[in-house]
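Text of target-v1.pdb, listed as PDB, C-alpha atoms and all ligand atoms:
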```pdb
ATOM      1  CA  MET A   1      10.117  -8.926 -14.039
ATOM      2  CA  LYS A   2       9.835 -11.479 -16.846
ATOM      3  CA  PHE A   3      13.136 -13.347 -16.955
ATOM      4  CA  CYS A   4      15.561 -14.714 -14.394
ATOM      5  CA  SER A   5      18.736 -12.663 -13.991
ATOM      6  CA  GLU A   6      20.633 -15.875 -13.136
ATOM      7  CA  CYS A   7      19.684 -18.106 -16.065
ATOM      8  CA  ALA A   8      17.457 -16.006 -18.383
ATOM      9  CA  SER A   9      14.514 -18.418 -18.125
ATOM     10  CA  PRO A  10      10.964 -17.093 -17.595
ATOM     11  CA  VAL A  11       9.904 -16.328 -14.030
ATOM     12  CA  SER A  12       6.456 -16.648 -12.493
ATOM     13  CA  LEU A  13       4.854 -14.820  -9.611
ATOM     14  CA  ARG A  14       3.986 -17.127  -6.734
ATOM     15  CA  VAL A  15       4.378 -17.493  -2.979
ATOM     16  CA  PRO A  16       7.513 -19.461  -2.067
ATOM     17  CA  GLU A  17       7.163 -22.207   0.494
ATOM     18  CA  GLY A  18       7.374 -20.726   3.996
ATOM     19  CA  ASP A  19       6.781 -17.188   2.708
ATOM     20  CA  ASN A  20       3.594 -15.147   2.734
ATOM     21  CA  LEU A  21       3.980 -12.829  -0.260
ATOM     22  CA  PRO A  22       4.168 -13.560  -3.980
ATOM     23  CA  ARG A  23       7.697 -13.332  -5.417
ATOM     24  CA  PHE A  24       9.162 -13.724  -8.877
ATOM     25  CA  ILE A  25      10.535 -17.268  -8.947
ATOM     26  CA  CYS A  26      12.561 -18.762 -11.767
ATOM     27  CA  ASP A  27      10.766 -21.727 -13.323
ATOM     28  CA  ARG A  28      14.076 -23.367 -14.177
ATOM     29  CA  CYS A  29      16.726 -22.665 -11.512
ATOM     30  CA  GLY A  30      14.332 -21.837  -8.671
ATOM     31  CA  THR A  31      15.977 -18.524  -7.745
ATOM     32  CA  VAL A  32      13.614 -16.309  -5.759
ATOM     33  CA  HIS A  33      13.940 -12.679  -6.896
ATOM     34  CA  TYR A  34      13.070 -10.521  -3.892
ATOM     35  CA  GLN A  35      12.156  -6.904  -4.535
ATOM     36  CA  ASN A  36      12.645  -4.544  -1.625
ATOM     37  CA  PRO A  37      12.431  -0.796  -0.988
ATOM     38  CA  ASN A  38      15.134   1.474  -2.351
ATOM     39  CA  MET A  39      17.124   3.731  -0.069
ATOM     40  CA  VAL A  40      17.550   7.378  -1.006
ATOM     41  CA  ALA A  41      20.079   9.563   0.815
ATOM     42  CA  GLY A  42      20.045  13.338   0.704
ATOM     43  CA  CYS A  43      21.357  16.432   2.398
ATOM     44  CA  ILE A  44      20.290  19.771   3.808
ATOM     45  CA  ALA A  45      23.605  21.534   3.222
ATOM     46  CA  GLU A  46      23.857  24.639   5.374
ATOM     47  CA  TRP A  47      25.939  27.733   4.865
ATOM     48  CA  GLN A  48      25.388  30.461   7.464
ATOM     49  CA  ASP A  49      21.622  31.125   7.352
ATOM     50  CA  ARG A  50      21.143  29.551   3.932
ATOM     51  CA  ILE A  51      20.667  26.089   2.518
ATOM     52  CA  LEU A  52      21.622  24.564  -0.796
ATOM     53  CA  LEU A  53      18.878  23.930  -3.353
ATOM     54  CA  CYS A  54      19.148  22.456  -6.837
ATOM     55  CA  LYS A  55      16.883  23.086  -9.813
ATOM     56  CA  ARG A  56      16.507  19.773 -11.609
ATOM     57  CA  SER A  57      17.525  19.536 -15.247
ATOM     58  CA  ILE A  58      16.359  15.932 -15.655
ATOM     59  CA  GLU A  59      13.045  14.118 -15.463
ATOM     60  CA  PRO A  60      11.104  13.531 -13.361
ATOM     61  CA  ARG A  61      10.181  17.066 -12.306
ATOM     62  CA  SER A  62      12.689  18.847 -14.484
ATOM     63  CA  GLY A  63      12.740  22.578 -13.727
ATOM     64  CA  LEU A  64      11.609  22.138 -10.120
ATOM     65  CA  TRP A  65      13.701  22.554  -6.987
ATOM     66  CA  THR A  66      15.045  19.865  -4.710
ATOM     67  CA  LEU A  67      17.604  19.092  -2.053
ATOM     68  CA  PRO A  68      20.545  17.003  -3.268
ATOM     69  CA  ALA A  69      19.388  13.383  -2.920
ATOM     70  CA  GLY A  70      19.541  10.127  -4.795
ATOM     71  CA  PHE A  71      19.577   6.359  -4.694
ATOM     72  CA  MET A  72      22.301   4.781  -2.618
ATOM     73  CA  GLU A  73      24.907   2.714  -4.425
ATOM     74  CA  ASN A  74      25.995  -0.706  -3.244
ATOM     75  CA  GLY A  75      29.103  -0.554  -1.073
ATOM     76  CA  GLU A  76      28.625   2.928   0.324
ATOM     77  CA  THR A  77      27.303   4.177   3.636
ATOM     78  CA  THR A  78      24.314   6.496   3.998
ATOM     79  CA  VAL A  79      26.572   9.448   4.867
ATOM     80  CA  GLU A  80      28.800   8.718   1.887
ATOM     81  CA  ALA A  81      25.747   8.572  -0.367
ATOM     82  CA  ALA A  82      24.383  11.898   0.877
ATOM     83  CA  ALA A  83      27.781  13.552   0.416
ATOM     84  CA  ARG A  84      28.203  12.020  -3.042
ATOM     85  CA  GLU A  85      24.790  13.214  -4.196
ATOM     86  CA  THR A  86      25.620  16.723  -2.973
ATOM     87  CA  ARG A  87      28.913  16.580  -4.877
ATOM     88  CA  GLU A  88      27.281  15.251  -8.059
ATOM     89  CA  GLU A  89      24.267  17.529  -8.156
ATOM     90  CA  ALA A  90      25.799  20.712  -6.785
ATOM     91  CA  CYS A  91      29.599  20.314  -7.017
ATOM     92  CA  ALA A  92      29.634  21.029  -3.286
ATOM     93  CA  GLU A  93      31.451  19.420  -0.370
ATOM     94  CA  VAL A  94      29.629  18.813   2.897
ATOM     95  CA  THR A  95      30.960  17.809   6.270
ATOM     96  CA  ASP A  96      29.661  16.936   9.744
ATOM     97  CA  LEU A  97      26.582  15.120   8.424
ATOM     98  CA  LYS A  98      23.945  14.146  10.971
ATOM     99  CA  LEU A  99      20.762  12.224  10.324
ATOM    100  CA  TYR A 100      17.878  14.686  10.312
ATOM    101  CA  GLY A 101      14.855  12.832   9.044
ATOM    102  CA  LEU A 102      13.678   9.454   7.855
ATOM    103  CA  PHE A 103      10.795   9.392   5.393
ATOM    104  CA  ASN A 104       8.825   6.307   4.418
ATOM    105  CA  LEU A 105       7.213   6.387   0.962
ATOM    106  CA  PRO A 106       5.566   2.962   0.766
ATOM    107  CA  HIS A 107       3.528   3.783  -2.349
ATOM    108  CA  ILE A 108       6.751   4.040  -4.372
ATOM    109  CA  ASN A 109       8.826   1.619  -2.273
ATOM    110  CA  GLN A 110      11.368   4.202  -1.157
ATOM    111  CA  VAL A 111      12.903   5.224   2.156
ATOM    112  CA  TYR A 112      14.577   8.647   2.309
ATOM    113  CA  LEU A 113      17.342   9.387   4.782
ATOM    114  CA  MET A 114      17.931  13.116   4.920
ATOM    115  CA  PHE A 115      21.040  14.439   6.617
ATOM    116  CA  ARG A 116      22.003  17.888   7.797
ATOM    117  CA  GLY A 117      25.529  19.006   7.017
ATOM    118  CA  GLN A 118      27.766  22.001   6.637
ATOM    119  CA  LEU A 119      29.009  23.254   3.291
ATOM    120  CA  VAL A 120      32.777  23.290   3.508
ATOM    121  CA  ASP A 121      33.460  26.576   1.747
ATOM    122  CA  GLY A 122      30.073  27.902   0.662
ATOM    123  CA  LYS A 123      30.804  27.030  -2.944
ATOM    124  CA  ALA A 124      28.357  25.246  -5.244
ATOM    125  CA  ALA A 125      27.816  24.912  -8.976
ATOM    126  CA  ALA A 126      25.348  23.042 -11.159
ATOM    127  CA  GLY A 127      26.248  19.408 -11.766
ATOM    128  CA  PRO A 128      24.984  17.443 -14.786
ATOM    129  CA  GLU A 129      21.558  16.791 -13.202
ATOM    130  CA  SER A 130      21.014  20.425 -12.204
ATOM    131  CA  GLU A 131      20.070  23.427 -14.273
ATOM    132  CA  GLU A 132      20.962  25.820 -11.489
ATOM    133  CA  VAL A 133      21.964  25.617  -7.822
ATOM    134  CA  GLY A 134      22.017  28.219  -5.099
ATOM    135  CA  LEU A 135      22.055  29.071  -1.406
ATOM    136  CA  TYR A 136      18.721  30.293  -0.137
ATOM    137  CA  ARG A 137      17.353  31.871   3.016
ATOM    138  CA  ARG A 138      14.083  30.716   4.499
ATOM    139  CA  GLU A 139      12.070  33.518   2.905
ATOM    140  CA  GLU A 140      13.558  32.709  -0.495
ATOM    141  CA  ILE A 141      12.543  29.026  -0.628
ATOM    142  CA  PRO A 142      10.426  28.406  -3.773
ATOM    143  CA  TRP A 143       7.678  26.518  -1.919
ATOM    144  CA  GLU A 144       5.428  26.355  -4.976
ATOM    145  CA  GLN A 145       8.163  24.929  -7.174
ATOM    146  CA  LEU A 146       9.490  22.061  -5.069
ATOM    147  CA  ALA A 147       9.988  18.818  -6.981
ATOM    148  CA  PHE A 148       8.695  16.230  -4.495
ATOM    149  CA  PRO A 149       6.413  16.067  -1.427
ATOM    150  CA  VAL A 150       9.261  14.553   0.608
ATOM    151  CA  ILE A 151      11.383  17.639  -0.074
ATOM    152  CA  ARG A 152       8.588  19.910   1.106
ATOM    153  CA  GLU A 153       8.126  17.762   4.228
ATOM    154  CA  THR A 154      11.853  17.896   4.980
ATOM    155  CA  LEU A 155      11.968  21.675   4.604
ATOM    156  CA  GLU A 156       8.797  22.238   6.630
ATOM    157  CA  LEU A 157      10.206  20.212   9.519
ATOM    158  CA  TYR A 158      13.513  22.004   9.189
ATOM    159  CA  TYR A 159      12.054  25.490   9.335
ATOM    160  CA  ASP A 160       9.546  24.600  12.066
ATOM    161  CA  ASP A 161      12.393  23.323  14.191
ATOM    162  CA  ASP A 162      14.015  26.410  15.639
ATOM    163  CA  ALA A 163      16.324  24.509  17.943
ATOM    164  CA  ARG A 164      17.585  22.056  15.300
ATOM    165  CA  THR A 165      18.887  19.883  18.061
ATOM    166  CA  ASP A 166      21.221  17.187  16.894
ATOM    167  CA  HIS A 167      19.685  14.337  18.855
ATOM    168  CA  VAL A 168      16.265  14.542  17.255
ATOM    169  CA  VAL A 169      15.494  12.480  14.195
ATOM    170  CA  TYR A 170      12.176  13.160  12.536
ATOM    171  CA  ILE A 171      10.238  10.328  10.996
ATOM    172  CA  SER A 172       7.333  10.886   8.600
ATOM    173  CA  ASP A 173       5.274   8.506   6.489
ATOM    174  CA  LEU A 174       4.104   9.908   3.160
ATOM    175  CA  ARG A 175       1.435   7.854   1.417
ATOM    176  CA  ARG A 176      -0.565   8.412  -1.732
ATOM    177  CA  THR A 177      -4.305   8.281  -1.086
ATOM    178  CA  ALA A 178      -6.946   6.874  -3.447
ATOM    179  CA  ASP A 179      -7.570  10.369  -4.826
ATOM    180  CA  ARG A 180      -3.820  10.769  -5.377
ATOM    181  CA  ARG A 181      -3.137  13.226  -2.619
ATOM    182  CA  ILE A 182      -0.101  12.692  -0.400
ATOM    183  CA  GLU A 183      -1.097  12.043   3.187
ATOM    184  CA  ILE A 184       1.598  12.708   5.771
ATOM    185  CA  ARG A 185       1.844  11.168   9.220
ATOM    186  CA  ARG A 186       4.599  12.556  11.421
ATOM    187  CA  HIS A 187       6.129  10.490  14.191
ATOM    188  CA  LEU A 188       8.103  12.695  16.481
ATOM    189  CA  LYS A 189      10.819  10.768  18.212
ATOM    190  CA  ASN A 190      12.084  11.832  21.639
ATOM    191  CA  ASP A 191       9.530  12.369  24.357
ATOM    192  CA  ASP A 192      10.220  16.055  24.901
ATOM    193  CA  ARG A 193       8.885  17.059  21.479
TER
HETATM  194 ZN    ZN B 201      16.846 -18.952 -13.192
END
```
What would you get if you wrote out this structure as structure tokens?
Ligand SMILES: [Zn+2]
Amino acid sequence: MKFCSECASPVSLRVPEGDNLPRFICDRCGTVHYQNPNMVAGCIAEWQDRILLCKRSIEPRSGLWTLPAGFMENGETTVEAAARETREEACAEVTDLKLYGLFNLPHINQVYLMFRGQLVDGKAAAGPESEEVGLYRREEIPWEQLAFPVIRETLELYYDDDARTDHVVYISDLRRTADRRIEIRRHLKNDDR
């Protein structure tokens, strides 16, 4: 950030009084511009024994497969965001959404909230951000062509979880290591798991 969004004057990076991290502060009006993680909401949309996948037609990772997911908009709830992304990317309606997993990606300042839901009528079609969409069985998942590590993590948890009990929410931290691998730490909530 170079300029204040309130008054267009230059900002400088310094620690505000009473704070402990450097922030962009306007040199003229004093506004502190906090930068915080972005929330991403997405959906595992189920239809019988299949789930909905989308082949991305936009960068990053164009041509690779993902679950419908995207940045939340102001003024919407997490469930609304997950349903909207599914509608936008796959022209599909989902219902009965339940939180399935929460994924922390501190190296890119994102938190993913992945829901499980039911496709209303089994219909889907490519939206503007998708080259192709489809309903896939477990053995048909293109594991080598998934767009993001968080999508792989979501699907691995999903297929390892035979019971798919509604009360369990998975939490995983995905971090990029110094040699640019993604290191995953799973926290399994609920004592019986
Ligand atoms: Zn300002």
Selection result for the PyMOL selection byres (((not hetatm)) within 7 of (chain B and resi 201)) on this file, as a ChimeraX atom specification: /A:4-9,26-31
Where does the PyMOL selection byres (((chain A and resi 22) around 12) and not hetatm) land in this file, that is, which residues does it pick, as number ranges by chain? A: 11-21, 23-25, 32-35
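In terms of minimum interatomic distance to Leu99 (chain A), A:Thr154 ranks closest within A:Asn36, A:Ser57, A:Asn74, A:Thr154, counting only C-alpha atoms.
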May I have the residues within 8 Å of Leu67 (chain A) as a PyMOL selection string, using all atoms listed in the file and disregarding those fewer than 6 positions away in the same chain? chain A and resi 42-44+52-54+151
From CA of Ile108 (chain A) to CA of Pro10 (chain A) the spacing works out at 25.3 Å
What separation in Å, quoted to one decimal, exists between CA of Asp121 (chain A) and CA of Gln48 (chain A)?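 We find that CA of Asp121 (chain A) and CA of Gln48 (chain A) lie 10.6 Å from each other.
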Nearest residue to Arg56 (chain A) out of A:Val133, A:Val79, A:Met72, A:Ala178, using all atoms listed in the file? A:Val133
In Å, rounded to a single decimal, give me how far CA of Leu64 (chain A) is from CA of Glu93 (chain A). 22.3 Å
Among the residues A:Lys55, A:Gly101, A:Leu113, A:Trp65, the one that comes closest to Glu144 (chain A) [using all atoms listed in the file]: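 The closest residue to Glu144 (chain A) is A:Trp65.
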Which of these, A:Glu129, A:Glu76, A:Asp179, A:Asp162, has the shortest distance to Ala41 (chain A) once you count only C-alpha atoms?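 Closest candidate: A:Glu76.
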For each of A:Arg138, A:Pro149, A:Glu88, A:Ala124, take the minimum atom-to-atom distance to Arg181 (chain A), counting all atoms listed in the file, then give the residue where this is smallest.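 Of A:Arg138, A:Pro149, A:Glu88, A:Ala124, the one nearest Arg181 (chain A), counting all atoms listed in the file, is A:Pro149.
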Considering only C-alpha atoms, can you say which of A:Arg176, A:Arg61, A:Arg87, A:His187 comes closest to Leu119 (chain A)? A:Arg87
Calculate, to one decimal in Å, the centre and edge lengths of the box along x, y and z of the file that holds all listed atoms of region 63-78 of chain A with 8 Å of margin on each side, and present them as JSON.
```
{"center_x": 20.4, "center_y": 10.9, "center_z": -4.9, "size_x": 33.5, "size_y": 39.3, "size_z": 33.7}
```
What residues come out when you apply the PyMOL selection byres (((chain A and resi 183) around 12) and not hetatm) to this file, written as number ranges by chain? A: 104-107, 149-150, 153, 172-182, 184-186
Excluding Arg116 (chain A) and any residue of its chain fewer than 6 positions from it, enumerate the residues within 12 Å of it, using all atoms listed in the file, and give them as number ranges by chain. A: 41-47, 51-52, 67-69, 79, 82-83, 86, 94-102, 154-155, 158, 164-170
Could you pull the residues within 10 Å of Glu73 (chain A), counting all atoms listed in the file, minus those fewer than 2 positions along the same chain, as a list in words?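 Within the cut-off, the hits are Met39, Val40, Ala41, Gly70, Phe71, Gly75, Glu76, Thr77, Thr78, Glu80, Ala81 and Arg84 of chain A.
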At a cut-off of 10 Å, using only C-alpha atoms, what residues contact Glu140 (chain A)? Leave out same-chain residues fewer than 4 positions from it and give the result as a JSON list (two decimals) with C-alpha atoms, keeping the file's coordinate frame.
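The result, stored in part11.json:
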```
[["chain", "number", "residue", "atom", "x", "y", "z"],
["A", 50, "ARG", "CA", 21.14, 29.55, 3.93],
["A", 135, "LEU", "CA", 22.06, 29.07, -1.41],
["A", 136, "TYR", "CA", 18.72, 30.29, -0.14]]
```
